[in-house]
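This is upload-v5.cif (mmCIF, C-alpha atoms and all ligand atoms).
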```
data_final
loop_
_atom_site.label_atom_id
_atom_site.label_comp_id
_atom_site.auth_asym_id
_atom_site.auth_seq_id
_atom_site.Cartn_x
_atom_site.Cartn_y
_atom_site.Cartn_z
CA MET A 1 -30.24 0.62 8.92
CA SER A 2 -27.34 -0.04 11.30
CA ARG A 3 -23.94 1.22 10.27
CA ARG A 4 -21.55 -1.42 9.03
CA LEU A 5 -18.63 -0.75 11.40
CA GLU A 6 -20.62 0.27 14.48
CA GLY A 7 -18.66 -0.31 17.69
CA LEU A 8 -15.38 -1.18 15.95
CA SER A 9 -12.03 0.56 16.44
CA ALA A 10 -9.50 0.82 13.64
CA LEU A 11 -5.85 1.80 13.33
CA ILE A 12 -5.17 3.34 9.89
CA THR A 13 -1.66 4.25 8.73
CA GLY A 14 -1.06 6.95 6.14
CA ALA A 15 -4.42 8.41 7.11
CA SER A 16 -3.81 12.16 6.77
CA ARG A 17 -4.55 12.34 3.03
CA GLY A 18 -5.19 10.33 -0.11
CA ILE A 19 -6.53 6.80 0.16
CA GLY A 20 -5.91 6.54 3.92
CA PHE A 21 -7.94 9.65 4.68
CA ALA A 22 -10.78 8.45 2.46
CA ILE A 23 -10.76 5.13 4.34
CA ALA A 24 -10.83 6.96 7.69
CA ARG A 25 -13.77 9.12 6.57
CA GLU A 26 -15.80 6.13 5.33
CA PHE A 27 -14.98 4.18 8.50
CA VAL A 28 -16.28 7.02 10.70
CA GLU A 29 -19.41 7.32 8.56
CA GLN A 30 -19.97 3.62 9.13
CA GLY A 31 -19.69 3.97 12.92
CA ALA A 32 -16.03 3.13 13.62
CA ARG A 33 -13.60 4.93 15.92
CA VAL A 34 -10.36 5.59 14.05
CA PHE A 35 -6.74 6.07 15.15
CA LEU A 36 -4.93 7.99 12.41
CA VAL A 37 -1.19 7.71 11.80
CA ALA A 38 1.12 9.72 9.51
CA ARG A 39 4.36 11.68 9.92
CA ASP A 40 3.08 15.25 9.69
CA GLN A 41 1.26 16.14 12.93
CA ALA A 42 -0.35 19.30 11.53
CA ARG A 43 -1.82 17.46 8.52
CA LEU A 44 -3.04 14.71 10.85
CA GLU A 45 -4.83 17.22 13.07
CA GLN A 46 -6.44 18.85 10.04
CA ALA A 47 -7.64 15.45 8.90
CA ALA A 48 -8.96 14.56 12.36
CA ALA A 49 -10.83 17.85 12.64
CA GLN A 50 -12.79 16.95 9.51
CA LEU A 51 -13.84 13.60 10.95
CA GLY A 52 -15.03 14.12 14.51
CA ASP A 53 -14.06 14.77 18.11
CA SER A 54 -11.40 13.00 20.16
CA ALA A 55 -13.84 10.34 21.34
CA VAL A 56 -14.10 9.14 17.75
CA VAL A 57 -10.74 10.10 16.23
CA GLY A 58 -7.24 9.65 17.68
CA THR A 59 -4.02 10.84 16.04
CA TYR A 60 -0.39 9.83 16.37
CA ALA A 61 2.51 11.29 14.40
CA CYS A 62 5.00 8.57 13.56
CA ASP A 63 7.27 7.44 10.76
CA VAL A 64 6.26 3.81 10.33
CA GLY A 65 9.76 3.17 8.97
CA ASP A 66 11.15 3.74 12.48
CA ALA A 67 10.73 0.37 14.21
CA ILE A 68 10.86 1.76 17.76
CA ALA A 69 8.44 4.60 17.01
CA LEU A 70 6.14 2.09 15.29
CA GLU A 71 6.01 -0.11 18.37
CA GLU A 72 5.30 2.90 20.62
CA MET A 73 2.57 4.02 18.23
CA PHE A 74 0.93 0.59 18.37
CA ARG A 75 0.92 0.61 22.18
CA ALA A 76 -0.68 4.10 22.10
CA ALA A 77 -3.31 2.81 19.67
CA GLU A 78 -4.09 -0.13 21.98
CA GLU A 79 -4.47 2.23 24.91
CA TRP A 80 -6.71 4.59 22.90
CA ALA A 81 -8.85 1.86 21.40
CA GLY A 82 -9.08 -0.75 24.12
CA ASP A 83 -9.99 -3.48 21.65
CA LEU A 84 -8.39 -2.86 18.30
CA ASP A 85 -10.64 -4.64 15.82
CA VAL A 86 -9.23 -3.47 12.50
CA LEU A 87 -5.77 -2.61 11.16
CA VAL A 88 -5.45 -0.86 7.80
CA ASN A 89 -1.86 -0.84 6.54
CA ASN A 90 -2.09 1.94 4.00
CA ALA A 91 1.07 4.08 4.48
CA GLY A 92 3.39 3.59 1.55
CA ILE A 93 5.81 5.45 -0.64
CA HIS A 94 6.42 5.33 -4.37
CA LEU A 95 9.84 5.69 -5.91
CA GLY A 96 10.07 5.20 -9.66
CA LYS A 97 13.33 4.81 -11.57
CA PRO A 98 14.76 2.72 -14.37
CA PHE A 99 15.97 -0.60 -12.95
CA THR A 100 19.69 0.13 -12.96
CA ASP A 101 19.31 3.64 -11.50
CA TYR A 102 17.99 2.59 -8.07
CA ARG A 103 20.53 2.95 -5.30
CA LEU A 104 20.67 0.34 -2.54
CA ASP A 105 19.69 2.87 0.12
CA GLU A 106 16.58 3.67 -1.95
CA PHE A 107 15.78 -0.04 -2.18
CA ASP A 108 16.09 -0.28 1.62
CA ARG A 109 13.92 2.82 2.23
CA VAL A 110 11.04 1.58 0.04
CA MET A 111 11.21 -1.92 1.50
CA ASN A 112 11.39 -0.57 5.04
CA ILE A 113 8.23 1.52 4.71
CA ASN A 114 6.20 -0.60 2.30
CA VAL A 115 7.06 -4.05 3.66
CA ARG A 116 9.05 -4.22 6.91
CA SER A 117 6.81 -1.81 8.82
CA VAL A 118 3.70 -3.62 7.61
CA PHE A 119 5.16 -6.97 8.64
CA ARG A 120 5.86 -5.70 12.17
CA LEU A 121 2.50 -3.99 12.53
CA MET A 122 0.74 -7.15 11.37
CA GLN A 123 2.65 -9.16 13.97
CA LEU A 124 1.65 -6.75 16.75
CA ALA A 125 -1.98 -6.62 15.59
CA ILE A 126 -2.28 -10.38 15.21
CA VAL A 127 -1.10 -10.96 18.80
CA HIS A 128 -3.68 -8.39 19.97
CA MET A 129 -6.47 -9.79 17.78
CA ARG A 130 -5.87 -13.38 18.84
CA GLN A 131 -6.69 -12.27 22.38
CA LEU A 132 -9.91 -10.73 21.02
CA GLN A 133 -10.57 -13.97 19.10
CA GLY A 134 -10.97 -12.10 15.86
CA GLY A 135 -10.17 -9.04 13.81
CA LYS A 136 -9.60 -7.70 10.32
CA ILE A 137 -6.41 -6.60 8.61
CA VAL A 138 -6.62 -4.74 5.30
CA ASN A 139 -3.38 -4.09 3.45
CA VAL A 140 -3.33 -1.44 0.74
CA SER A 141 -1.17 -2.95 -1.96
CA SER A 142 -1.23 -2.17 -5.70
CA THR A 143 -1.70 -3.64 -9.15
CA ALA A 144 2.11 -3.25 -9.12
CA GLY A 145 2.05 -6.13 -6.63
CA ARG A 146 0.34 -8.42 -9.13
CA PHE A 147 1.90 -7.59 -12.49
CA GLU A 148 5.07 -6.30 -14.08
CA SER A 149 5.55 -2.55 -14.48
CA ALA A 150 8.21 -0.37 -16.09
CA ASN A 151 10.43 2.07 -14.19
CA GLN A 152 9.30 1.12 -10.71
CA ALA A 153 10.92 -2.25 -10.04
CA VAL A 154 11.56 -1.60 -6.35
CA TYR A 155 8.05 -0.28 -5.66
CA ASN A 156 6.70 -3.22 -7.65
CA ALA A 157 8.80 -5.69 -5.65
CA SER A 158 7.67 -4.12 -2.37
CA LYS A 159 4.01 -4.61 -3.28
CA HIS A 160 4.64 -8.19 -4.46
CA ALA A 161 6.23 -8.79 -1.04
CA LEU A 162 3.24 -7.20 0.69
CA ASN A 163 0.90 -9.52 -1.18
CA GLY A 164 3.01 -12.49 -0.10
CA LEU A 165 2.83 -11.38 3.53
CA THR A 166 -0.94 -10.97 3.18
CA LEU A 167 -1.46 -14.51 1.88
CA CYS A 168 0.81 -16.20 4.42
CA ALA A 169 -0.58 -14.27 7.39
CA ALA A 170 -4.13 -14.94 6.18
CA LEU A 171 -3.46 -18.67 5.97
CA GLU A 172 -2.03 -18.87 9.49
CA ASN A 173 -4.59 -16.62 11.16
CA ALA A 174 -7.92 -17.39 9.52
CA PRO A 175 -8.42 -20.22 12.07
CA TYR A 176 -8.28 -17.56 14.82
CA GLY A 177 -11.07 -15.51 13.23
CA ILE A 178 -8.63 -12.94 11.84
CA ASN A 179 -9.42 -12.03 8.23
CA ILE A 180 -6.44 -10.66 6.32
CA ASN A 181 -6.83 -9.37 2.78
CA ALA A 182 -5.33 -6.78 0.46
CA ILE A 183 -6.70 -4.20 -1.94
CA CYS A 184 -4.71 -3.68 -5.15
CA PRO A 185 -5.62 -0.30 -6.65
CA GLY A 186 -4.53 0.75 -10.12
CA MET A 187 -4.10 4.49 -10.69
CA VAL A 188 -5.75 6.54 -7.94
CA ASN A 189 -6.22 10.33 -7.82
CA THR A 190 -3.88 11.27 -4.94
CA ASP A 191 -0.63 13.16 -4.30
CA MET A 192 1.27 9.99 -5.19
CA TRP A 193 0.77 10.83 -8.87
CA ASP A 194 3.35 13.65 -8.37
CA SER A 195 5.97 10.97 -7.86
CA PHE A 196 5.14 9.43 -11.27
CA VAL A 197 5.29 12.88 -12.90
CA LYS A 198 8.68 13.66 -11.33
CA GLU A 199 10.12 10.35 -12.43
CA ALA A 200 8.77 10.79 -15.97
CA ALA A 201 10.23 14.32 -16.15
CA THR A 202 13.72 12.85 -15.63
CA ARG A 203 13.11 10.89 -18.85
CA GLY A 204 11.86 14.01 -20.67
CA VAL A 205 8.20 12.91 -20.50
CA ASN A 206 5.60 15.68 -20.04
CA GLY A 207 3.20 15.18 -17.08
CA ASP A 208 0.01 15.97 -19.04
CA MET A 209 1.02 13.64 -21.85
CA LEU A 210 1.82 10.94 -19.30
CA ARG A 211 -1.60 11.33 -17.67
CA LYS A 212 -3.42 11.13 -21.02
CA GLY A 213 -1.38 8.05 -21.95
CA VAL A 214 -2.20 6.32 -18.68
CA GLU A 215 -5.91 7.21 -18.87
CA ALA A 216 -6.03 5.80 -22.39
CA ARG A 217 -4.97 2.43 -20.95
CA ILE A 218 -7.76 2.39 -18.34
CA PRO A 219 -10.96 0.90 -19.79
CA ILE A 220 -13.24 3.15 -17.70
CA GLY A 221 -11.21 6.11 -19.02
CA ARG A 222 -10.26 7.69 -15.70
CA PHE A 223 -8.31 7.27 -12.49
CA ILE A 224 -9.96 5.62 -9.49
CA GLU A 225 -11.09 7.97 -6.70
CA PRO A 226 -9.81 7.32 -3.14
CA GLU A 227 -13.43 6.82 -1.95
CA GLU A 228 -13.82 3.89 -4.35
CA VAL A 229 -10.90 2.15 -2.64
CA ALA A 230 -12.34 3.08 0.76
CA HIS A 231 -15.65 1.34 0.00
CA ILE A 232 -13.79 -1.96 -0.43
CA ALA A 233 -11.89 -1.33 2.81
CA VAL A 234 -15.19 -0.78 4.68
CA TRP A 235 -16.52 -4.05 3.36
CA LEU A 236 -13.33 -5.99 4.20
CA ALA A 237 -13.38 -4.52 7.73
CA SER A 238 -17.01 -5.46 8.29
CA HIS A 239 -18.61 -8.73 9.31
CA GLU A 240 -19.95 -8.99 5.76
CA ALA A 241 -16.41 -10.10 4.87
CA ASP A 242 -16.03 -12.78 7.57
CA GLY A 243 -15.60 -15.34 4.79
CA MET A 244 -12.76 -13.47 3.08
CA ALA A 245 -9.18 -14.60 3.72
CA GLY A 246 -6.04 -14.04 1.68
CA GLN A 247 -7.73 -12.27 -1.21
CA LEU A 248 -6.02 -9.62 -3.34
CA ILE A 249 -8.83 -7.42 -4.61
CA THR A 250 -7.98 -5.30 -7.64
CA ILE A 251 -9.70 -1.96 -8.31
CA SER A 252 -8.24 -0.46 -11.44
CA GLY A 253 -11.07 0.55 -13.76
CA GLY A 254 -10.35 -2.57 -15.77
CA MET A 255 -6.60 -1.90 -16.27
CA ARG A 256 -4.95 -5.31 -15.80
CA MET A 257 -7.94 -7.67 -15.44
CA GLY A 258 -6.10 -10.98 -15.26
N1 LIG B 1 -2.22 6.64 -5.61
C1 LIG B 1 -2.14 5.55 -6.35
O1 LIG B 1 -2.26 5.58 -7.60
C2 LIG B 1 -1.93 4.20 -5.69
C3 LIG B 1 -2.10 3.06 -6.49
C4 LIG B 1 -1.92 1.81 -5.90
C5 LIG B 1 -1.59 1.70 -4.58
N2 LIG B 1 -1.40 2.82 -3.83
C6 LIG B 1 -1.02 2.63 -2.42
O2 LIG B 1 -1.98 3.24 -1.60
C7 LIG B 1 -1.37 3.69 -0.38
C8 LIG B 1 -1.72 5.14 -0.14
O3 LIG B 1 -1.30 5.87 -1.26
P1 LIG B 1 -1.80 7.37 -1.57
O4 LIG B 1 -1.80 7.50 -3.03
O5 LIG B 1 -3.00 7.69 -0.78
O6 LIG B 1 -0.52 8.17 -1.01
P2 LIG B 1 -0.37 9.70 -0.58
O7 LIG B 1 -1.45 10.53 -1.11
O8 LIG B 1 1.06 10.01 -0.91
O9 LIG B 1 -0.55 9.61 1.02
C9 LIG B 1 0.34 8.84 1.76
C10 LIG B 1 -0.07 8.84 3.22
O10 LIG B 1 0.87 8.04 3.94
C11 LIG B 1 1.57 8.83 4.90
N3 LIG B 1 2.94 8.35 4.96
C12 LIG B 1 3.85 8.29 3.97
N4 LIG B 1 5.00 7.80 4.42
C13 LIG B 1 4.82 7.50 5.74
C14 LIG B 1 5.65 6.99 6.75
N5 LIG B 1 6.92 6.67 6.52
N6 LIG B 1 5.12 6.84 7.98
C15 LIG B 1 3.84 7.18 8.25
N7 LIG B 1 3.00 7.68 7.32
C16 LIG B 1 3.50 7.85 6.08
C17 LIG B 1 1.42 10.27 4.38
O11 LIG B 1 1.51 11.26 5.39
P3 LIG B 1 2.93 11.93 5.80
O12 LIG B 1 3.60 12.34 4.55
O13 LIG B 1 2.56 13.07 6.70
O14 LIG B 1 3.66 10.87 6.54
C18 LIG B 1 0.00 10.22 3.83
O15 LIG B 1 -0.95 10.30 4.89
C19 LIG B 1 0.14 3.43 -0.55
O16 LIG B 1 0.48 2.23 0.10
C20 LIG B 1 0.29 3.27 -2.05
O17 LIG B 1 1.40 2.47 -2.39
C21 LIG B 1 -1.58 4.09 -4.35
#
```
Could you spell out this file's structure in C-alpha cells?
Ligand SMILES: NC(=O)c1ccc[n+]([C@@H]2O[C@H](COP(=O)([O-])OP(=O)(O)OC[C@H]3O[C@@H](n4cnc5c(N)ncnc54)[C@H](OP(=O)(O)O)[C@@H]3O)[C@@H](O)[C@H]2O)c1
Amino acid sequence: MSRRLEGLSALITGASRGIGFAIAREFVEQGARVFLVARDQARLEQAAAQLGDSAVVGTYACDVGDAIALEEMFRAAEEWAGDLDVLVNNAGIHLGKPFTDYRLDEFDRVMNINVRSVFRLMQLAIVHMRQLQGGKIVNVSSTAGRFESANQAVYNASKHALNGLTLCAALENAPYGININAICPGMVNTDMWDSFVKEAATRGVNGDMLRKGVEARIPIGRFIEPEEVAHIAVWLASHEADGMAGQLITISGGMRMG
C-alpha cells in the first residue's frame, strides 16, 4: 500500500516534542519530508535524529513570535523543501490565570505566539501554495477555541482567534486548491500539562487531584495521546482530505461534544 504523504514536504512548528513531534513522526512514516521548527536547537536535533537523515528531516531554531526570524525561517523552509505542500501551525504556549490577574504584556505574548505568528505564516504559505496550485494547512487549535474555560481567558481567546483565522483563510483559499482546517484537541499528554499544574498550584490546588478531576470529566476516562492528534493531521494533510475546508475537528475523548 502506498504511503499517504509520499512525495510531500511539510513545515511543522513546535515540532521538537509533544503534539508537533508526534505529527512529524507520523508524517515521516507516511512518506513526507519534514522541516522542524522550535526554539531549542539541541532538542530539535534530538528530535530530528529519531526521524531520519537530513534528506528527510530539516531543522531550524526560531522563535515564531519574532516576526523577522519567522520570515527568515520560512524562506529557509522554501529553500529546503522546494515545493512546500503542507504547513502545520502547531507551536503554541499556554498561560493560565484568573481573568483579572493577566497582565497586558502576557496578553500580548500569548497572542503573538498563538495568533500573530500563525497569521503571518499562513500568509507566507498561501502565497507559496497558490503558485503550486494547491496545498494543505493544518492549525493545531484547542477545545479552548470552541468553548468557554475557567482561568485561561487569554489562551482561550487566542485559540478562538486561531479558529476564526482558519475559517476565513479556508473560505478565501479553497478555490485555489488550498485546504485549511484546524484540529481542536482536549487534554493531551504533553509537557503543556505542567503549565496547568503550575497555575493550579497558585490557587492551592494539588496537581494529582487536578489530574483526577480533569480525567473524571473525560468520557473515555483518560487524556488523549499526541499520536491520536497526529493521525488526524496526517489525514488532513493527505489527498484523502481534498474535500475538507474550514473544519474545526475536535479530539477530546468526548469532553465537550457540542
Ligand atoms: N497539550 C494539550 O493538552 C493541548 C490541548 C489542546 C491544544 N494544544 C495545542 O497543541 C499545540 C502543541 O502543544 P503541546 O502540548 O504539544 O506543547 P508542548 O509539549 O509544550 O510543546 C510545544 C512545542 O512548541 C515549541 N514552541 C513553543 N513556543 C515556541 C515559539 N515561541 N517558537 C517556536 N516554537 C515554540 C516547543 O519547543 P521550544 O520550547 O524549544 O520552542 C515545543 O516543540 C499548542 O498549540 C497547544 O496550544 C495542546
Which residue, A:Trp235, A:Tyr176, A:Tyr155, A:Trp80, has the smallest gap to ligand LIG 1 (chain B) when you use only C-alpha atoms and all ligand atoms?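 Nearest to ligand LIG 1 (chain B): A:Tyr155.
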Distance limit 8 Å, reference ligand LIG 1 (chain B), atoms considered: all atoms listed in the file. Which residues make the cut? Give them as a PyMOL selection string. chain A and resi 13-21+37-41+43-44+61-66+89-94+113-114+140-144+155+159+184-193+223-224+226
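Between Phe196 in chain A and the candidates A:Ala245, A:Leu5, A:Ala150, A:Val118, the tightest atom-to-atom separation, counting only C-alpha atoms, involves A:Ala150.
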Considering all atoms listed in the file, state which residue in the set A:Leu162, A:Met257, A:Ile251, A:Ala55 is at the smallest distance from Asn112 in chain A.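 Ranking A:Leu162, A:Met257, A:Ile251, A:Ala55 by distance to Asn112 in chain A, first place goes to A:Leu162.
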At what distance in Å, to one decimal, does CA of Val154 in chain A lie from CA of Phe107 in chain A? 6.1 Å
Which value, in Å to one decimal, gives the distance between CA of Glu148 in chain A and CA of Arg256 in chain A? 10.2 Å
Which distance in Å separates CA of Arg109 in chain A and CA of Asn163 in chain A, to one decimal?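 Interatomic distance here is 18.3 Å.
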Which is closest to Val34 in chain A among A:Val56, A:Ala69, A:Ala125, A:Ala22, if we use all atoms listed in the file? A:Val56
Would you list the residues near (-9.0, 1.0, 24.3) (no more than 12 Å away, in the coordinates of the file, using all atoms listed in the file) as a ChimeraX atom specification? /A:7-11,33-35,55-56,58,74-85,128
Identify the residues within 12 Å of coordinate (-0.7, 4.8, -19.7) (same frame as the file), considering only C-alpha atoms, and give the answer as a list of chain:residue names. A:Ser149, A:Ala150, A:Gly186, A:Met187, A:Phe196, A:Ala200, A:Gly207, A:Asp208, A:Met209, A:Leu210, A:Arg211, A:Lys212, A:Gly213, A:Val214, A:Glu215, A:Ala216, A:Arg217, A:Ile218, A:Pro219, A:Gly221, A:Arg222, A:Phe223, A:Met255, A:Arg256
Can I get a file of range 132-241 of chain A from the given structure, C-alpha atoms kept, as a compact mmCIF listing (two decimals), in the first residue's frame?
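Result written to decode.txt:
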```txt
# COMPACT_ATOMS: atom_id res chain seq x y z
CA LEU A 132 1.83 25.34 -6.57
CA GLN A 133 -1.93 25.44 -7.24
CA GLY A 134 -2.67 23.62 -4.03
CA GLY A 135 -1.59 22.75 -0.53
CA LYS A 136 -2.76 21.93 2.97
CA ILE A 137 -2.63 23.99 6.14
CA VAL A 138 -3.39 22.33 9.47
CA ASN A 139 -3.69 24.57 12.52
CA VAL A 140 -3.44 23.00 15.96
CA SER A 141 -6.04 24.83 17.98
CA SER A 142 -7.88 23.58 21.09
CA THR A 143 -11.28 22.85 22.58
CA ALA A 144 -10.48 26.15 24.35
CA GLY A 145 -11.06 27.74 20.94
CA ARG A 146 -14.60 26.41 20.78
CA PHE A 147 -15.95 26.70 24.32
CA GLU A 148 -15.61 28.71 27.50
CA SER A 149 -12.98 27.69 30.05
CA ALA A 150 -12.04 28.91 33.52
CA ASN A 151 -8.70 30.51 34.41
CA GLN A 152 -7.31 30.67 30.89
CA ALA A 153 -9.21 33.51 29.23
CA VAL A 154 -6.26 34.74 27.18
CA TYR A 155 -5.26 31.28 25.96
CA ASN A 156 -8.93 30.63 25.21
CA ALA A 157 -9.24 33.90 23.28
CA SER A 158 -6.08 33.12 21.30
CA LYS A 159 -7.50 29.77 20.17
CA HIS A 160 -10.87 31.34 19.31
CA ALA A 161 -8.92 33.82 17.17
CA LEU A 162 -6.98 30.98 15.55
CA ASN A 163 -10.23 29.25 14.65
CA GLY A 164 -11.51 32.48 13.10
CA LEU A 165 -8.35 32.80 11.02
CA THR A 166 -8.74 29.17 9.94
CA LEU A 167 -12.31 29.65 8.71
CA CYS A 168 -11.65 32.93 6.88
CA ALA A 169 -8.46 31.71 5.21
CA ALA A 170 -10.19 28.45 4.25
CA LEU A 171 -13.05 30.35 2.62
CA GLU A 172 -10.75 32.56 0.56
CA ASN A 173 -8.30 29.85 -0.47
CA ALA A 174 -10.36 26.73 -1.10
CA PRO A 175 -10.91 27.92 -4.70
CA TYR A 176 -7.11 27.75 -5.17
CA GLY A 177 -6.95 24.12 -4.05
CA ILE A 178 -5.60 25.05 -0.61
CA ASN A 179 -7.35 23.14 2.17
CA ILE A 180 -7.17 24.87 5.55
CA ASN A 181 -8.54 23.19 8.66
CA ALA A 182 -7.89 23.04 12.39
CA ILE A 183 -7.67 20.30 14.98
CA CYS A 184 -9.10 21.13 18.41
CA PRO A 185 -7.64 18.73 20.99
CA GLY A 186 -8.95 18.49 24.53
CA MET A 187 -6.45 17.39 27.18
CA VAL A 188 -3.34 15.83 25.63
CA ASN A 189 -0.46 14.08 27.44
CA THR A 190 2.40 16.55 26.85
CA ASP A 191 4.65 18.96 28.78
CA MET A 192 1.92 21.59 28.46
CA TRP A 193 0.12 19.95 31.38
CA ASP A 194 2.89 21.38 33.64
CA SER A 195 1.53 24.83 32.88
CA PHE A 196 -1.94 23.80 34.15
CA VAL A 197 -0.38 22.30 37.30
CA LYS A 198 1.65 25.46 38.00
CA GLU A 199 -1.36 27.68 37.57
CA ALA A 200 -3.49 25.44 39.82
CA ALA A 201 -0.77 25.44 42.49
CA THR A 202 -1.10 29.24 42.77
CA ARG A 203 -4.73 28.62 43.75
CA GLY A 204 -3.71 25.93 46.28
CA VAL A 205 -4.89 23.06 44.03
CA ASN A 206 -2.83 19.84 44.14
CA GLY A 207 -1.60 18.57 40.72
CA ASP A 208 -2.67 14.94 41.26
CA MET A 209 -6.12 16.00 42.43
CA LEU A 210 -6.41 18.31 39.43
CA ARG A 211 -5.49 15.49 37.04
CA LYS A 212 -8.04 13.11 38.60
CA GLY A 213 -10.70 15.83 38.43
CA VAL A 214 -9.99 16.51 34.76
CA GLU A 215 -9.92 12.80 33.84
CA ALA A 216 -13.27 12.34 35.57
CA ARG A 217 -14.74 14.86 33.11
CA ILE A 218 -13.43 12.99 30.04
CA PRO A 219 -15.90 10.29 28.94
CA ILE A 220 -13.15 7.94 27.72
CA GLY A 221 -11.51 8.38 31.15
CA ARG A 222 -8.05 9.47 30.01
CA PHE A 223 -6.05 12.16 28.27
CA ILE A 224 -5.56 12.00 24.50
CA GLU A 225 -2.13 10.82 23.31
CA PRO A 226 -0.17 13.07 20.90
CA GLU A 227 -0.23 10.28 18.26
CA GLU A 228 -4.03 10.39 18.22
CA VAL A 229 -3.87 14.06 17.24
CA ALA A 230 -1.15 13.26 14.69
CA HIS A 231 -3.38 10.72 12.92
CA ILE A 232 -5.90 13.47 12.18
CA ALA A 233 -3.10 15.75 10.96
CA VAL A 234 -1.90 13.03 8.55
CA TRP A 235 -5.38 12.69 7.14
CA LEU A 236 -5.90 16.46 6.80
CA ALA A 237 -2.52 16.75 5.03
CA SER A 238 -3.32 13.95 2.60
CA HIS A 239 -5.32 13.93 -0.61
CA GLU A 240 -7.98 11.96 1.26
CA ALA A 241 -8.95 15.33 2.77
```
